[in-house]
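**Student:** Got a structure for you, questions after.
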Amino acid sequence: MRSNYLFTSESVSEGHPDKVADQISDSIVDLFLSKDPEARIACETLTTTQLVVLAGEIRCKGVFENGQWADGAQAEIEAAVRETVKKIGYEQSGFHWETFRFENNLHAQSAHIAQGVDASGNKDEGAGDQGIMFGFACDETPDLMPATLDYSHKILAKMAADRHARTAPFLEPDAKSQVTLRFENGKPVAATAIVVSTQHAPGYDEGDKEAELHAYVKSVIADVLPADLLSDATEYHINPTGSFEIGGPDGDAGLTGRKIIVDTYGGAAPHGGGAFSGKDPTKVDRSAAYITRYLAKNIVAAGLAKRCTIQLAYAIGVSKPLSLYVDTHGTGTADDAAIETAIAKIEKLGGLTPRGIRMALGLNKPIYRATAAYGHFGRKPEGDLFPWEKTDLVDELKAALAA
C-alpha cells in the first residue's frame, strides 16, 4: 500500500437528481415496511422535468396482494413521494413537489423469485439475489471513514441545513462536492483542492452576489475540515462553470442507484456493484453491505486494524454465505484468517444468513429514507437508525479471537 499520495472523493446533495430518486425509492421501502415488516420491495425511480415514475416489484400484506391494490394504497404512495420531494425543497417551475406528473408502475414480485427467497419447511430464507458485497473502515476520521468522502458529505450536509434554516437563502437543492487530500505515511496532511458546485438563486453568478456565495461556501469548508488541512495553497473551485440556476431533475434526469460510490466509501474500497436504495433488507445488496460495514468498523474500533475490508458472497435462494474474506491491509494486530474464524463464532450474527443479518441489526423497520443522502456509512446511530454504525461488537470480537 502506498504511503504518500493524493486521493479524491466526491459527494452529491439531497437535491441531486439521482439522490432525489434514491430518497423517493427509500420512502416507498419505509412506507411498505411500516405496513408489513416482511414486505418485499424493489422500487426504482426515474425523475426528470416535472415527472416522477416508479417501477419495480412488491409484495405487502394489506397493501398489495394477489396483484390488487388495497383501497387508498396508490394515493398513499403518491402522497409519500410528493412529501419526500417537498422535504428536499423543490418548488421550481421545472420540478415542483405539488405539480409534477406521477406514474406508479409497481407490480407483483415474481413468484419464481419468491419461492427461492421465502423460508419453507426445513428451508431457511434464502438471499434475494446472488452477488458480492464489501464493507470497509479506516482510522482516518472519528467516524472510521475515508477522510475525503467524510468531508465531502459534511460540506453538503451543512449547506443543506443552512438552506432549510433559511440562513443561506441563495442556495437551491442541487449540489456536488469533491475533496482532494494529500496523504503522507498513510495519513491526510493537507487539502490540495476542494470543488463545490451548488445550484443558486438568480443573480448569484456575478458581482457582489457571486462573491457572497463564494465566501459562504469557503466558510462552510472551514467549518467542516480540520484547520490544519487548509492553507493558502488549497485550491478552491466554486461553481467553476459560472452559473448553476437550472438543477435537479429539471437539469438532468435522475435514477435510483447511480451514486453507489457516493453511498459507500468514495472509491477508497471495492464495491460489489449493487445499489441499496429501493430494496427491502432481504436483498443482500443492502443488508450484507450493512453487516460488512458493521464488522469492519468494529474490527477497527477494537484496535485489531487501522484499515479493514470485508467481502461476503451469496447465491440467490441460498441462506449461507458462499465466502467470507477479511483483509486488514497489513495493519492488523491479529491474523486475517483468525479474524474470519472469530466472526464465524459470534452467535449474534446468525451465521451471516439474510435472516441472521436482519435480526442482528434490526433491519425490518422503516429506517431507510434517512440513508439515501450523505452516505449510508459514517453516520451517527440514533434509535433504530444506522444500527450498522454501532461499535457494540468490540468485546465479542476480542473474546472470540482469544477463545
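Letters A, B, ... mark the chains of the C-alpha cells in the order given; residue numbers begin at 1 per chain; ligand numbers begin at 1, in order shown.
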Can you pull out every residue within 8 Å of segment 88-104 of chain A, counting only C-alpha atoms, but drop anything in the same chain fewer than 2 positions away, and send it as a list in words?
**Tutor:**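 The neighbour list is Glu14, Gly15, Val20, Thr48, Thr49, Gln50, Leu51, Val52, Val53, Leu54, Ala55, Gln74, Glu78, Arg82, Glu83, Thr84, Val85, Lys86, Leu106, His164, Glu172, Pro173, Gly248, Pro249 and Asp250 of chain A.
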**Student:** Neighbouring residues of segment 32-47 of chain A were defined as those with any atom within 7 Å, considering only C-alpha atoms; residues of the same chain fewer than 5 positions away were excluded. Please report them as a short mmCIF file (atom, residue, chain, number, x, y, z; two decimals) with N, CA and C atoms, in the first residue's frame.
**Tutor:**
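Written out: result_21.cif:
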data_model
loop_
_atom_site.label_atom_id
_atom_site.label_comp_id
_atom_site.auth_asym_id
_atom_site.auth_seq_id
_atom_site.Cartn_x
_atom_site.Cartn_y
_atom_site.Cartn_z
N PRO A 17 -30.36 15.01 -8.77
CA PRO A 17 -31.46 14.22 -9.34
C PRO A 17 -31.39 12.73 -9.01
N ALA A 21 -34.12 10.55 -6.63
CA ALA A 21 -34.66 9.23 -6.96
C ALA A 21 -34.41 8.23 -5.83
N ILE A 24 -36.81 8.96 -2.92
CA ILE A 24 -38.17 8.53 -3.23
C ILE A 24 -38.29 7.01 -3.11
N SER A 25 -37.33 6.29 -3.68
CA SER A 25 -37.38 4.82 -3.60
C SER A 25 -37.36 4.34 -2.16
N VAL A 52 -42.16 12.16 -12.13
CA VAL A 52 -41.60 11.09 -11.32
C VAL A 52 -42.30 9.79 -11.71
N VAL A 53 -41.49 8.76 -11.99
CA VAL A 53 -42.01 7.46 -12.39
C VAL A 53 -41.46 6.40 -11.45
N LEU A 54 -42.35 5.56 -10.91
CA LEU A 54 -41.94 4.40 -10.12
C LEU A 54 -42.10 3.14 -10.96
N ALA A 55 -41.16 2.22 -10.78
CA ALA A 55 -41.25 0.90 -11.41
C ALA A 55 -40.61 -0.12 -10.49
N GLY A 56 -41.06 -1.37 -10.58
CA GLY A 56 -40.45 -2.40 -9.75
C GLY A 56 -41.45 -3.42 -9.27
N GLU A 57 -41.01 -4.21 -8.28
CA GLU A 57 -41.80 -5.36 -7.83
C GLU A 57 -42.01 -5.27 -6.32
N ILE A 58 -43.21 -5.58 -5.89
CA ILE A 58 -43.51 -5.52 -4.46
C ILE A 58 -44.43 -6.66 -4.03
N ARG A 59 -44.43 -6.89 -2.73
CA ARG A 59 -45.40 -7.76 -2.08
C ARG A 59 -45.57 -7.23 -0.67
N CYS A 60 -46.79 -6.90 -0.29
CA CYS A 60 -47.01 -6.26 1.01
C CYS A 60 -48.41 -6.59 1.51
N LYS A 61 -48.49 -7.26 2.65
CA LYS A 61 -49.79 -7.63 3.22
C LYS A 61 -50.63 -6.40 3.50
N PRO A 249 -33.83 17.49 -11.09
CA PRO A 249 -34.39 16.71 -12.20
C PRO A 249 -34.72 17.54 -13.43
N ALA A 253 -31.83 14.17 -15.76
CA ALA A 253 -32.67 13.08 -15.25
C ALA A 253 -31.96 12.35 -14.12
N GLY A 254 -32.74 11.83 -13.18
CA GLY A 254 -32.19 11.07 -12.06
C GLY A 254 -32.74 9.66 -12.01
N LEU A 255 -31.90 8.73 -11.57
CA LEU A 255 -32.30 7.33 -11.46
C LEU A 255 -31.82 6.77 -10.13
N THR A 256 -32.61 5.87 -9.56
CA THR A 256 -32.18 5.16 -8.35
C THR A 256 -30.92 4.37 -8.62
N GLY A 278 -34.24 1.61 -2.41
CA GLY A 278 -35.38 0.97 -3.05
C GLY A 278 -35.52 -0.50 -2.77
N LYS A 279 -34.63 -1.08 -1.95
CA LYS A 279 -34.62 -2.52 -1.71
C LYS A 279 -34.91 -2.83 -0.25
N ASP A 280 -35.78 -3.81 -0.02
CA ASP A 280 -36.01 -4.27 1.34
C ASP A 280 -34.80 -5.09 1.81
N ASN A 364 -35.76 -4.87 9.67
CA ASN A 364 -37.12 -4.93 9.14
C ASN A 364 -37.97 -3.77 9.67
N LYS A 365 -37.45 -2.58 9.54
CA LYS A 365 -38.12 -1.38 10.05
C LYS A 365 -38.02 -0.27 9.02
N PRO A 366 -38.91 0.72 9.13
CA PRO A 366 -38.86 1.85 8.16
C PRO A 366 -37.77 2.85 8.53
#
**Student:** Taking the chain letters and numbering used in this document, name the residues of segment 183-285 of chain A that DSSP puts in strand (DSSP E), as a PDB file with all heavy atoms, in the first residue's frame.
**Tutor:**
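Saved the output as part_34.pdb:
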ATOM      1  N   PHE A 183      -1.832  12.652   1.249  1.00  0.00           N
ATOM      2  CA  PHE A 183      -1.539  11.720   2.334  1.00  0.00           C
ATOM      3  C   PHE A 183      -0.034  11.526   2.435  1.00  0.00           C
ATOM      4  O   PHE A 183       0.654  11.377   1.415  1.00  0.00           O
ATOM      5  CB  PHE A 183      -2.211  10.370   2.075  1.00  0.00           C
ATOM      6  CG  PHE A 183      -3.710  10.376   2.258  1.00  0.00           C
ATOM      7  CD1 PHE A 183      -4.536  10.983   1.327  1.00  0.00           C
ATOM      8  CD2 PHE A 183      -4.292   9.779   3.365  1.00  0.00           C
ATOM      9  CE1 PHE A 183      -5.917  10.999   1.493  1.00  0.00           C
ATOM     10  CE2 PHE A 183      -5.664   9.789   3.543  1.00  0.00           C
ATOM     11  CZ  PHE A 183      -6.478  10.397   2.608  1.00  0.00           C
ATOM     12  N   GLU A 184       0.456  11.524   3.650  1.00  0.00           N
ATOM     13  CA  GLU A 184       1.849  11.178   3.926  1.00  0.00           C
ATOM     14  C   GLU A 184       1.870  10.122   5.025  1.00  0.00           C
ATOM     15  O   GLU A 184       1.185  10.279   6.040  1.00  0.00           O
ATOM     16  CB  GLU A 184       2.639  12.421   4.358  1.00  0.00           C
ATOM     17  CG  GLU A 184       2.786  13.455   3.244  1.00  0.00           C
ATOM     18  CD  GLU A 184       3.556  14.684   3.685  1.00  0.00           C
ATOM     19  OE1 GLU A 184       3.975  14.738   4.871  1.00  0.00           O
ATOM     20  OE2 GLU A 184       3.737  15.608   2.849  1.00  0.00           O
ATOM     21  N   LYS A 187      -1.563   9.059   6.181  1.00  0.00           N
ATOM     22  CA  LYS A 187      -2.436   9.951   6.924  1.00  0.00           C
ATOM     23  C   LYS A 187      -2.677  11.240   6.131  1.00  0.00           C
ATOM     24  O   LYS A 187      -1.756  11.771   5.509  1.00  0.00           O
ATOM     25  CB  LYS A 187      -1.815  10.313   8.280  1.00  0.00           C
ATOM     26  CG  LYS A 187      -1.639   9.125   9.218  1.00  0.00           C
ATOM     27  CD  LYS A 187      -2.976   8.573   9.651  1.00  0.00           C
ATOM     28  CE  LYS A 187      -2.817   7.437  10.656  1.00  0.00           C
ATOM     29  NZ  LYS A 187      -4.127   6.867  11.043  1.00  0.00           N
ATOM     30  N   PRO A 188      -3.902  11.779   6.174  1.00  0.00           N
ATOM     31  CA  PRO A 188      -4.169  13.037   5.463  1.00  0.00           C
ATOM     32  C   PRO A 188      -3.457  14.198   6.135  1.00  0.00           C
ATOM     33  O   PRO A 188      -3.575  14.390   7.356  1.00  0.00           O
ATOM     34  CB  PRO A 188      -5.690  13.176   5.557  1.00  0.00           C
ATOM     35  CG  PRO A 188      -6.096  12.360   6.750  1.00  0.00           C
ATOM     36  CD  PRO A 188      -5.118  11.230   6.827  1.00  0.00           C
ATOM     37  N   VAL A 189      -2.715  14.981   5.333  1.00  0.00           N
ATOM     38  CA  VAL A 189      -1.945  16.088   5.901  1.00  0.00           C
ATOM     39  C   VAL A 189      -2.315  17.439   5.292  1.00  0.00           C
ATOM     40  O   VAL A 189      -1.989  18.481   5.872  1.00  0.00           O
ATOM     41  CB  VAL A 189      -0.424  15.854   5.742  1.00  0.00           C
ATOM     42  CG1 VAL A 189       0.011  14.613   6.509  1.00  0.00           C
ATOM     43  CG2 VAL A 189      -0.028  15.763   4.269  1.00  0.00           C
ATOM     44  N   ALA A 190      -2.979  17.440   4.131  1.00  0.00           N
ATOM     45  CA  ALA A 190      -3.309  18.722   3.505  1.00  0.00           C
ATOM     46  C   ALA A 190      -4.426  18.545   2.489  1.00  0.00           C
ATOM     47  O   ALA A 190      -4.492  17.525   1.793  1.00  0.00           O
ATOM     48  CB  ALA A 190      -2.083  19.327   2.819  1.00  0.00           C
ATOM     49  N   ALA A 191      -5.313  19.542   2.423  1.00  0.00           N
ATOM     50  CA  ALA A 191      -6.318  19.605   1.366  1.00  0.00           C
ATOM     51  C   ALA A 191      -5.719  20.378   0.204  1.00  0.00           C
ATOM     52  O   ALA A 191      -5.417  21.565   0.341  1.00  0.00           O
ATOM     53  CB  ALA A 191      -7.577  20.281   1.871  1.00  0.00           C
ATOM     54  N   THR A 192      -5.511  19.687  -0.917  1.00  0.00           N
ATOM     55  CA  THR A 192      -4.900  20.357  -2.064  1.00  0.00           C
ATOM     56  C   THR A 192      -5.933  21.007  -2.974  1.00  0.00           C
ATOM     57  O   THR A 192      -5.647  22.018  -3.605  1.00  0.00           O
ATOM     58  CB  THR A 192      -4.052  19.370  -2.883  1.00  0.00           C
ATOM     59  OG1 THR A 192      -4.890  18.317  -3.380  1.00  0.00           O
ATOM     60  CG2 THR A 192      -2.947  18.775  -2.022  1.00  0.00           C
ATOM     61  N   ALA A 193      -7.153  20.447  -3.046  1.00  0.00           N
ATOM     62  CA  ALA A 193      -8.192  21.019  -3.910  1.00  0.00           C
ATOM     63  C   ALA A 193      -9.560  20.651  -3.378  1.00  0.00           C
ATOM     64  O   ALA A 193      -9.785  19.513  -2.949  1.00  0.00           O
ATOM     65  CB  ALA A 193      -8.036  20.530  -5.343  1.00  0.00           C
ATOM     66  N   ILE A 194     -10.475  21.617  -3.418  1.00  0.00           N
ATOM     67  CA  ILE A 194     -11.861  21.393  -2.995  1.00  0.00           C
ATOM     68  C   ILE A 194     -12.774  21.997  -4.051  1.00  0.00           C
ATOM     69  O   ILE A 194     -12.612  23.160  -4.445  1.00  0.00           O
ATOM     70  CB  ILE A 194     -12.142  22.015  -1.623  1.00  0.00           C
ATOM     71  CG1 ILE A 194     -11.230  21.390  -0.562  1.00  0.00           C
ATOM     72  CG2 ILE A 194     -13.609  21.820  -1.236  1.00  0.00           C
ATOM     73  CD1 ILE A 194     -11.331  22.026   0.795  1.00  0.00           C
ATOM     74  N   VAL A 195     -13.722  21.191  -4.512  1.00  0.00           N
ATOM     75  CA  VAL A 195     -14.670  21.627  -5.536  1.00  0.00           C
ATOM     76  C   VAL A 195     -16.076  21.616  -4.935  1.00  0.00           C
ATOM     77  O   VAL A 195     -16.479  20.617  -4.321  1.00  0.00           O
ATOM     78  CB  VAL A 195     -14.636  20.697  -6.765  1.00  0.00           C
ATOM     79  CG1 VAL A 195     -15.575  21.216  -7.855  1.00  0.00           C
ATOM     80  CG2 VAL A 195     -13.220  20.534  -7.287  1.00  0.00           C
ATOM     81  N   VAL A 196     -16.802  22.698  -5.084  1.00  0.00           N
ATOM     82  CA  VAL A 196     -18.209  22.752  -4.683  1.00  0.00           C
ATOM     83  C   VAL A 196     -18.991  23.440  -5.799  1.00  0.00           C
ATOM     84  O   VAL A 196     -18.671  24.572  -6.179  1.00  0.00           O
ATOM     85  CB  VAL A 196     -18.423  23.515  -3.364  1.00  0.00           C
ATOM     86  CG1 VAL A 196     -19.917  23.614  -3.052  1.00  0.00           C
ATOM     87  CG2 VAL A 196     -17.693  22.831  -2.214  1.00  0.00           C
ATOM     88  N   SER A 197     -19.967  22.732  -6.315  1.00  0.00           N
ATOM     89  CA  SER A 197     -20.887  23.316  -7.296  1.00  0.00           C
ATOM     90  C   SER A 197     -22.279  23.283  -6.687  1.00  0.00           C
ATOM     91  O   SER A 197     -22.771  22.211  -6.326  1.00  0.00           O
ATOM     92  CB  SER A 197     -20.869  22.529  -8.605  1.00  0.00           C
ATOM     93  OG  SER A 197     -19.603  22.607  -9.230  1.00  0.00           O
ATOM     94  N   THR A 198     -22.905  24.436  -6.556  1.00  0.00           N
ATOM     95  CA  THR A 198     -24.228  24.489  -5.940  1.00  0.00           C
ATOM     96  C   THR A 198     -25.206  25.274  -6.797  1.00  0.00           C
ATOM     97  O   THR A 198     -24.879  26.342  -7.325  1.00  0.00           O
ATOM     98  CB  THR A 198     -24.173  25.101  -4.531  1.00  0.00           C
ATOM     99  OG1 THR A 198     -25.495  25.117  -3.982  1.00  0.00           O
ATOM    100  CG2 THR A 198     -23.593  26.502  -4.528  1.00  0.00           C
ATOM    101  N   GLN A 199     -26.395  24.729  -6.915  1.00  0.00           N
ATOM    102  CA  GLN A 199     -27.484  25.451  -7.554  1.00  0.00           C
ATOM    103  C   GLN A 199     -27.791  26.688  -6.705  1.00  0.00           C
ATOM    104  O   GLN A 199     -27.710  26.648  -5.473  1.00  0.00           O
ATOM    105  CB  GLN A 199     -28.712  24.541  -7.642  1.00  0.00           C
ATOM    106  CG  GLN A 199     -29.863  25.091  -8.442  1.00  0.00           C
ATOM    107  CD  GLN A 199     -31.070  24.162  -8.403  1.00  0.00           C
ATOM    108  OE1 GLN A 199     -31.137  23.245  -7.587  1.00  0.00           O
ATOM    109  NE2 GLN A 199     -32.033  24.406  -9.270  1.00  0.00           N
ATOM    110  N   HIS A 200     -28.128  27.794  -7.376  1.00  0.00           N
ATOM    111  CA  HIS A 200     -28.281  29.049  -6.647  1.00  0.00           C
ATOM    112  C   HIS A 200     -29.453  29.860  -7.201  1.00  0.00           C
ATOM    113  O   HIS A 200     -29.958  29.607  -8.309  1.00  0.00           O
ATOM    114  CB  HIS A 200     -26.999  29.879  -6.742  1.00  0.00           C
ATOM    115  CG  HIS A 200     -26.554  30.152  -8.143  1.00  0.00           C
ATOM    116  ND1 HIS A 200     -27.112  31.125  -8.936  1.00  0.00           N
ATOM    117  CD2 HIS A 200     -25.602  29.547  -8.913  1.00  0.00           C
ATOM    118  CE1 HIS A 200     -26.534  31.122 -10.126  1.00  0.00           C
ATOM    119  NE2 HIS A 200     -25.612  30.174 -10.137  1.00  0.00           N
ATOM    120  N   GLU A 235      -6.509  24.855  -3.287  1.00  0.00           N
ATOM    121  CA  GLU A 235      -7.235  25.381  -4.447  1.00  0.00           C
ATOM    122  C   GLU A 235      -8.735  25.221  -4.219  1.00  0.00           C
ATOM    123  O   GLU A 235      -9.203  24.134  -3.856  1.00  0.00           O
ATOM    124  CB  GLU A 235      -6.845  24.627  -5.717  1.00  0.00           C
ATOM    125  CG  GLU A 235      -5.416  24.827  -6.161  1.00  0.00           C
ATOM    126  CD  GLU A 235      -5.126  24.092  -7.459  1.00  0.00           C
ATOM    127  OE1 GLU A 235      -6.090  23.736  -8.173  1.00  0.00           O
ATOM    128  OE2 GLU A 235      -3.948  23.860  -7.746  1.00  0.00           O
ATOM    129  N   TYR A 236      -9.489  26.289  -4.454  1.00  0.00           N
ATOM    130  CA  TYR A 236     -10.944  26.254  -4.338  1.00  0.00           C
ATOM    131  C   TYR A 236     -11.557  26.434  -5.725  1.00  0.00           C
ATOM    132  O   TYR A 236     -11.209  27.377  -6.446  1.00  0.00           O
ATOM    133  CB  TYR A 236     -11.445  27.364  -3.419  1.00  0.00           C
ATOM    134  CG  TYR A 236     -11.001  27.224  -1.977  1.00  0.00           C
ATOM    135  CD1 TYR A 236      -9.808  27.811  -1.550  1.00  0.00           C
ATOM    136  CD2 TYR A 236     -11.770  26.526  -1.058  1.00  0.00           C
ATOM    137  CE1 TYR A 236      -9.397  27.692  -0.228  1.00  0.00           C
ATOM    138  CE2 TYR A 236     -11.366  26.407   0.266  1.00  0.00           C
ATOM    139  CZ  TYR A 236     -10.174  26.989   0.668  1.00  0.00           C
ATOM    140  OH  TYR A 236      -9.762  26.861   1.975  1.00  0.00           O
ATOM    141  N   HIS A 237     -12.468  25.532  -6.078  1.00  0.00           N
ATOM    142  CA  HIS A 237     -13.203  25.638  -7.339  1.00  0.00           C
ATOM    143  C   HIS A 237     -14.690  25.669  -6.976  1.00  0.00           C
ATOM    144  O   HIS A 237     -15.305  24.625  -6.739  1.00  0.00           O
ATOM    145  CB  HIS A 237     -12.888  24.461  -8.255  1.00  0.00           C
ATOM    146  CG  HIS A 237     -11.426  24.341  -8.599  1.00  0.00           C
ATOM    147  ND1 HIS A 237     -10.840  25.088  -9.581  1.00  0.00           N
ATOM    148  CD2 HIS A 237     -10.442  23.580  -8.061  1.00  0.00           C
ATOM    149  CE1 HIS A 237      -9.555  24.797  -9.651  1.00  0.00           C
ATOM    150  NE2 HIS A 237      -9.289  23.878  -8.735  1.00  0.00           N
ATOM    151  N   ILE A 238     -15.254  26.863  -6.919  1.00  0.00           N
ATOM    152  CA  ILE A 238     -16.646  27.046  -6.508  1.00  0.00           C
ATOM    153  C   ILE A 238     -17.457  27.458  -7.723  1.00  0.00           C
ATOM    154  O   ILE A 238     -17.159  28.465  -8.376  1.00  0.00           O
ATOM    155  CB  ILE A 238     -16.743  28.100  -5.395  1.00  0.00           C
ATOM    156  CG1 ILE A 238     -15.927  27.651  -4.171  1.00  0.00           C
ATOM    157  CG2 ILE A 238     -18.200  28.345  -5.007  1.00  0.00           C
ATOM    158  CD1 ILE A 238     -15.756  28.720  -3.113  1.00  0.00           C
ATOM    159  N   GLY A 254     -32.745  11.827 -13.182  1.00  0.00           N
ATOM    160  CA  GLY A 254     -32.195  11.073 -12.056  1.00  0.00           C
ATOM    161  C   GLY A 254     -32.743   9.659 -12.014  1.00  0.00           C
ATOM    162  O   GLY A 254     -33.892   9.421 -12.388  1.00  0.00           O
ATOM    163  N   LEU A 255     -31.903   8.732 -11.573  1.00  0.00           N
ATOM    164  CA  LEU A 255     -32.298   7.329 -11.455  1.00  0.00           C
ATOM    165  C   LEU A 255     -31.820   6.766 -10.127  1.00  0.00           C
ATOM    166  O   LEU A 255     -30.729   7.112  -9.645  1.00  0.00           O
ATOM    167  CB  LEU A 255     -31.699   6.490 -12.591  1.00  0.00           C
ATOM    168  CG  LEU A 255     -32.178   6.779 -14.009  1.00  0.00           C
ATOM    169  CD1 LEU A 255     -31.300   6.030 -15.009  1.00  0.00           C
ATOM    170  CD2 LEU A 255     -33.632   6.358 -14.172  1.00  0.00           C
TER     171      LEU A 255
END
**Student:** Report the residues of segment 112-276 of chain A whose backbone DSSP state falls under helix (DSSP H, G or I), written as an NGL selection string.
**Tutor:** :A and (112-117 or 147-165 or 207-224 or 227-229 or 248-251 or 260-263)
**Student:** Using only C-alpha atoms, which protein or nucleic acid residues come within 10 Å of Glu140 of chain A? Drop anything in the same chain fewer than 4 positions from it, and give the result as a list in words.
**Tutor:**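 Non-adjacent residues within range: Leu144, Met145, Pro146, Ala147, Thr148, Asp150, Gly186, Lys187, Pro188, Lys306 and Arg307 of chain A.
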**Student:** How many Å lie between atom CA of Asp143 of chain A and atom CA of Arg379 of chain A, rounded to one decimal?
**Tutor:**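 For atom CA of Asp143 of chain A relative to atom CA of Arg379 of chain A, the distance reads 7.3 Å.
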**Student:** Can you measure atom CA of Asp223 of chain A to atom CA of Cys138 of chain A for me? One decimal in Å is fine.
**Tutor:**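 Value for the atom CA of Asp223 of chain A-atom CA of Cys138 of chain A distance: 22.5 Å.
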**Student:** May I ask for the distance between atom CA of Phe276 of chain A and atom CA of Phe64 of chain A, given in Å to one decimal place?
**Tutor:**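 So the answer is 22.3 Å.
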**Student:** From the list A:Ser11, A:Thr353, A:Thr331, A:Thr391, which residue is nearest Gln178 of chain A when using only C-alpha atoms?
**Tutor:** A:Ser11
**Student:** So, with only C-alpha atoms as the atoms that count, which of A:Glu76, A:Asp208, A:Asp129, A:Glu10 lies closest to Asp285 of chain A?
**Tutor:**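 The answer is A:Asp129, which sits nearest to Asp285 of chain A.
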**Student:** Which residues come within 9 Å of Arg286 of chain A, counting only C-alpha atoms, excluding same-chain residues fewer than 3 positions away, as a list in words?
**Tutor:**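 So, after excluding close chain neighbours, the residues are Met133, Gly274, Ala275, Phe276, Ser277, Lys279, Asp280, Pro281, Thr282, Lys283, Ala289, Tyr290 and Ile291 of chain A.
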**Student:** Can you tell me, as a PyMOL selection string, what residues are no more than 9 Å from Lys390 of chain A when counting only C-alpha atoms, ignoring any on the same chain fewer than 6 positions away?
**Tutor:** chain A and resi 294+297-298+380-381
**Student:** Which is closer to Phe244 of chain A than all the others in A:Asp327, A:Asp174, A:Asp30, A:Asp232, using only C-alpha atoms?
**Tutor:**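 Of A:Asp327, A:Asp174, A:Asp30, A:Asp232, the one nearest Phe244 of chain A, counting only C-alpha atoms, is A:Asp174.
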**Student:** Give me the residues within 10 Å of Ser9 of chain A as a ChimeraX atom specification, counting only C-alpha atoms and dropping any in the same chain fewer than 6 places off.
**Tutor:** /A:146-153,177-181,261-262,265-268
**Student:** Can I get the selected residues back with C-alpha atoms, as a PDB file, in the first residue's frame?
**Tutor:**
ATOM      1  CA  PRO A 146     -12.201   7.713   4.419  1.00  0.00           C
ATOM      2  CA  ALA A 147     -11.467  11.373   5.121  1.00  0.00           C
ATOM      3  CA  THR A 148     -12.020  12.565   1.551  1.00  0.00           C
ATOM      4  CA  LEU A 149     -15.577  11.219   1.480  1.00  0.00           C
ATOM      5  CA  ASP A 150     -16.401  12.163   5.076  1.00  0.00           C
ATOM      6  CA  TYR A 151     -15.565  15.821   4.434  1.00  0.00           C
ATOM      7  CA  SER A 152     -17.315  15.833   1.047  1.00  0.00           C
ATOM      8  CA  HIS A 153     -20.536  14.613   2.694  1.00  0.00           C
ATOM      9  CA  SER A 177     -18.661  18.490  -3.681  1.00  0.00           C
ATOM     10  CA  GLN A 178     -15.229  16.957  -4.163  1.00  0.00           C
ATOM     11  CA  VAL A 179     -12.258  16.878  -1.774  1.00  0.00           C
ATOM     12  CA  THR A 180      -8.658  16.044  -2.680  1.00  0.00           C
ATOM     13  CA  LEU A 181      -6.260  15.348   0.183  1.00  0.00           C
ATOM     14  CA  ILE A 261     -19.638   5.095  -4.698  1.00  0.00           C
ATOM     15  CA  VAL A 262     -21.014   8.230  -3.013  1.00  0.00           C
ATOM     16  CA  TYR A 265     -16.623   4.688   0.582  1.00  0.00           C
ATOM     17  CA  GLY A 266     -15.847   7.265  -2.087  1.00  0.00           C
ATOM     18  CA  GLY A 267     -13.675   4.895  -4.082  1.00  0.00           C
ATOM     19  CA  ALA A 268     -11.397   4.050  -1.149  1.00  0.00           C
TER      20      ALA A 268
END
**Student:** Mind checking which residues fall within 10 Å of Ala168 of chain A, counting only C-alpha atoms, ignoring those fewer than 4 positions away in the same chain, and posting them as a PyMOL selection string?
**Tutor:** chain A and resi 159-164+172+213+216
